[in-house]
Amino acid sequence: MLECSSLVVRYGPIEAVRGCNIAIPSGTIAAVLGANGAGKSSLMKAIAGLVPVASGRIRVDGEDITDMPPHLRARRGIAFALEGRRLLHRLTVLENLRVAWEFRGRGGDFKAAADRAFARFPMLAARSGFQAGLLSGGQQQMLILSAALIRDPRYLLLDEPSLGLAPVVVQQIFAVIAAVCRDGATTILLSEQVVALALSVAHRAYVLKGGRVVREGGAAALASDPSLSSAYLGG
C-alpha cells in the first residue's frame with residue numbers, strides 16, 4: 001500500500017499540498033484529479049522524492065520513505081513518469097531504456113525487459129535505433145512509459161500521460177496502463193486532467209483543490225456525479 005499522511009509541500013511561502021491524506025491498496029489504480037495548480041504534480045514529486053516534504057509522512061508497504069533519496073525510492077520499486085516528455089533526446093530509444101534499467105538497479109536480463117517494452121509498443125521496436133528527440137510526441141510518451149516500466153515497478157506514478165496526444169495514441173497508452181495493473185499487479189497513481197479518461201481505468205479517485213483533498217471515493221461513483229467537473233475541476 002502507498003500512503004500519504006497529512007502531507008504538506010511548500011515552495012517558499014506557498015503551500016502546494018496541504019495536509020493531503022491518500023491510501024492506495026496494492027494492485028489498484030488511483031486517479032488524482034484537479035485543475036491546473038491544484039497540487040497534483042507536487043504530490044507526485046513528493047512521493048518520488050523530487051521535492052522535499054515540509055511535514056507529514058509517506059509510507060510504502062509500511063516503510064517510511066519520507067526522507068529517502070529518489071534513487072533509493074526507485075530501487076524500492078517506485079517509478080515516476082514525469083509530465084513533459086523528459087527523455088535523453090540525443091540517445092536512442094534502446095539507450096534510453098538502458099539508462100532507466102541501470103538507474104533502478106543492477107543485474108537482471110535487460111534484453112528480456114526491452115523485448116517486453118517493445119511487445120507493449122511495437123512502434124518503438126521499429127524505432128529502437130532512432131534518437132528519442134526524433135520521435136513523435138506519442139512515441140516519446142510510449143518511451144517514457146516504457147522506461148518507467150522497464151524493471152516492473154511495484155508502484156508507478158504517472159503525471160498527465162495523455163497531455164497533448166492524439167486520441168488514438170491515448171487509447172493505446174491507457175490500455176497498457178490498465179494491463180500493467182491487471183497483469184503485473186503494479187500499483188498506479190495517475191494524475192490526469194481528463195476526468196472521464198482517468199476514471200475509466202481507476203479503481204479510486206482523489207480530487208485536489210488548492211492542495212487539499214476535497215473529494216474522494218470509488219471511481220465509478222465519482223464518474224456518475226454530474227457536479228464533479230463544475231464544482232472542483234474548473235469545468
# chains A, B, ... in the order shown; residues from 1 in each chain; ligands from 1
>>> select_by_dssp(residues="range 12-82 of chain A", states="helix (DSSP H, G or I)", output="ChimeraX atom specification")
/A:40-48,70-75
>>> closest_atom_pairs(of="range 112-191 of chain A", to="range 9-28 of chain A", cutoff="12 Å", atoms="only C-alpha atoms", output="tab-separated table")
residue	atom	partner	partner_atom	distance
A:Pro153	CA	A:Gly27	CA	11.3
A:Arg154	CA	A:Ser26	CA	8.3
A:Tyr155	CA	A:Ser26	CA	8.4
A:Leu156	CA	A:Gly27	CA	10.6
A:Leu157	CA	A:Ile24	CA	11.8
A:Ile177	CA	A:Thr28	CA	11.0
A:Ala178	CA	A:Thr28	CA	9.5
A:Ala179	CA	A:Thr28	CA	11.2
A:Val180	CA	A:Gly27	CA	9.5
A:Cys181	CA	A:Gly27	CA	6.1
A:Arg182	CA	A:Gly27	CA	7.4
A:Asp183	CA	A:Gly27	CA	9.3
A:Gly184	CA	A:Gly27	CA	8.2
A:Ala185	CA	A:Gly27	CA	4.5
A:Thr186	CA	A:Gly27	CA	5.3
A:Thr187	CA	A:Gly27	CA	4.5
A:Ile188	CA	A:Thr28	CA	6.4
A:Leu189	CA	A:Ile24	CA	8.0
A:Leu190	CA	A:Thr28	CA	10.7
>>> closest_residue(among="A:Ala114, A:Ala31, A:Val51, A:Ala79", to="Thr66 in chain A", atoms="only C-alpha atoms")
A:Val51
>>> select_by_dssp(residues="range 18-50 of chain A", states="strand (DSSP E)", output="MDAnalysis selection string")
chainID A and resid 18:24 29:33
>>> closest_residue(among="A:Ala221, A:Ala175, A:Val170, A:Leu208", to="Gly34 in chain A", atoms="only C-alpha atoms")
A:Leu208
>>> closest_residue(among="A:Met123, A:Gly56, A:Gln193, A:Leu145", to="Gly37 in chain A", atoms="only C-alpha atoms")
A:Gln193
>>> closest_residue(among="A:Gly211, A:Arg151, A:Ile47, A:Ala81", to="Pro69 in chain A", atoms="only C-alpha atoms")
A:Ile47
>>> residues_around(residues="Ala147 in chain A", least_positions_apart="4", cutoff="8 Å", atoms="only C-alpha atoms", output="PyMOL selection string")
chain A and resi 96-97+100-101+143
>>> write_last_selection(atoms="N, CA and C atoms", output="short mmCIF file (atom, residue, chain, number, x, y, z; two decimals), in the first residue's frame")
data_model
loop_
_atom_site.label_atom_id
_atom_site.label_comp_id
_atom_site.auth_asym_id
_atom_site.auth_seq_id
_atom_site.Cartn_x
_atom_site.Cartn_y
_atom_site.Cartn_z
N ASN A 96 17.90 4.92 -24.09
CA ASN A 96 17.06 5.47 -23.03
C ASN A 96 16.55 4.37 -22.11
N LEU A 97 16.15 3.26 -22.68
CA LEU A 97 15.68 2.14 -21.87
C LEU A 97 16.82 1.59 -21.01
N ALA A 100 17.42 3.86 -17.98
CA ALA A 100 16.39 3.62 -16.96
C ALA A 100 16.63 2.31 -16.24
N TRP A 101 17.05 1.29 -16.95
CA TRP A 101 17.34 -0.02 -16.37
C TRP A 101 18.47 0.08 -15.35
N LEU A 143 7.75 5.84 -24.98
CA LEU A 143 9.09 5.56 -24.49
C LEU A 143 9.22 5.91 -23.00
#
>>> atom_distance(atom1="CA of Arg127 in chain A", atom2="CA of Gln140 in chain A")
11.0 Å
>>> atom_distance(atom1="CA of Ile144 in chain A", atom2="CA of Asp61 in chain A")
25.5 Å
>>> residues_around(residues="Pro70 in chain A", least_positions_apart="4", cutoff="8 Å", atoms="only C-alpha atoms", output="ChimeraX atom specification")
/A:48-50,74
>>> write_last_selection(atoms="N, CA and C atoms", output="CSV table (one decimal), in the first residue's frame")
chain,number,residue,atom,x,y,z
A,48,ALA,N,7.8,10.8,-5.1
A,48,ALA,CA,9.0,10.3,-5.8
A,48,ALA,C,10.3,10.8,-5.2
A,49,GLY,N,10.2,11.8,-4.3
A,49,GLY,CA,11.4,12.3,-3.6
A,49,GLY,C,12.0,13.5,-4.4
A,50,LEU,N,11.3,14.1,-5.3
A,50,LEU,CA,11.9,15.2,-6.1
A,50,LEU,C,11.7,16.5,-5.5
A,74,ALA,N,13.6,4.6,-6.1
A,74,ALA,CA,13.5,3.9,-7.4
A,74,ALA,C,13.9,2.4,-7.2
>>> atom_distance(atom1="CA of Gly108 in chain A", atom2="CA of Val176 in chain A")
22.9 Å
>>> residues_around(residues="Arg215 in chain A", least_positions_apart="3", cutoff="9 Å", atoms="only C-alpha atoms", output="list in words")
Ala205, Tyr206, Val207, Leu208, Leu222, Leu228 and Tyr232 of chain A
>>> closest_residue(among="A:Ile150, A:Ala219, A:Val194, A:Leu135", to="Gly164 in chain A", atoms="only C-alpha atoms")
A:Val194
>>> closest_residue(among="A:Met142, A:Leu134, A:Leu88, A:Leu149", to="Gln172 in chain A", atoms="only C-alpha atoms")
A:Met142
>>> decode(residues="range 177-196 of chain A", atoms="N, CA and C atoms", output="short mmCIF file (atom, residue, chain, number, x, y, z; two decimals), in the first residue's frame")
data_model
loop_
_atom_site.label_atom_id
_atom_site.label_comp_id
_atom_site.auth_asym_id
_atom_site.auth_seq_id
_atom_site.Cartn_x
_atom_site.Cartn_y
_atom_site.Cartn_z
N ILE A 177 -1.61 0.95 -19.51
CA ILE A 177 -1.70 1.27 -18.08
C ILE A 177 -2.62 0.28 -17.35
N ALA A 178 -3.80 0.05 -17.93
CA ALA A 178 -4.75 -0.88 -17.31
C ALA A 178 -4.20 -2.29 -17.27
N ALA A 179 -3.53 -2.71 -18.35
CA ALA A 179 -2.99 -4.07 -18.42
C ALA A 179 -1.86 -4.27 -17.43
N VAL A 180 -1.02 -3.27 -17.25
CA VAL A 180 0.11 -3.37 -16.32
C VAL A 180 -0.40 -3.60 -14.90
N CYS A 181 -1.43 -2.88 -14.53
CA CYS A 181 -2.01 -3.06 -13.19
C CYS A 181 -2.68 -4.43 -13.08
N ARG A 182 -3.44 -4.79 -14.09
CA ARG A 182 -4.18 -6.05 -14.04
C ARG A 182 -3.27 -7.27 -14.09
N ASP A 183 -2.30 -7.26 -14.99
CA ASP A 183 -1.49 -8.45 -15.22
C ASP A 183 -0.23 -8.50 -14.35
N GLY A 184 0.32 -7.33 -14.05
CA GLY A 184 1.56 -7.31 -13.29
C GLY A 184 1.42 -6.92 -11.84
N ALA A 185 0.20 -6.61 -11.42
CA ALA A 185 -0.09 -6.22 -10.04
C ALA A 185 0.69 -4.97 -9.62
N THR A 186 1.01 -4.11 -10.58
CA THR A 186 1.64 -2.84 -10.26
C THR A 186 0.60 -1.86 -9.75
N THR A 187 0.90 -1.19 -8.66
CA THR A 187 0.01 -0.17 -8.10
C THR A 187 0.31 1.16 -8.78
N ILE A 188 -0.73 1.86 -9.24
CA ILE A 188 -0.55 3.04 -10.07
C ILE A 188 -1.26 4.25 -9.46
N LEU A 189 -0.54 5.35 -9.39
CA LEU A 189 -1.13 6.65 -9.04
C LEU A 189 -1.05 7.51 -10.28
N LEU A 190 -2.21 7.93 -10.76
CA LEU A 190 -2.34 8.59 -12.05
C LEU A 190 -2.87 10.00 -11.88
N SER A 191 -2.07 10.99 -12.27
CA SER A 191 -2.52 12.38 -12.27
C SER A 191 -3.02 12.72 -13.67
N GLU A 192 -4.23 13.26 -13.75
CA GLU A 192 -4.83 13.47 -15.06
C GLU A 192 -5.89 14.56 -15.00
N GLN A 193 -5.92 15.42 -16.04
CA GLN A 193 -6.96 16.45 -16.13
C GLN A 193 -8.18 15.96 -16.88
N VAL A 194 -8.01 14.95 -17.75
CA VAL A 194 -9.16 14.42 -18.49
C VAL A 194 -9.89 13.43 -17.58
N VAL A 195 -10.94 13.92 -16.94
CA VAL A 195 -11.58 13.19 -15.85
C VAL A 195 -12.14 11.85 -16.31
N ALA A 196 -12.88 11.85 -17.40
CA ALA A 196 -13.52 10.61 -17.86
C ALA A 196 -12.47 9.56 -18.18
#
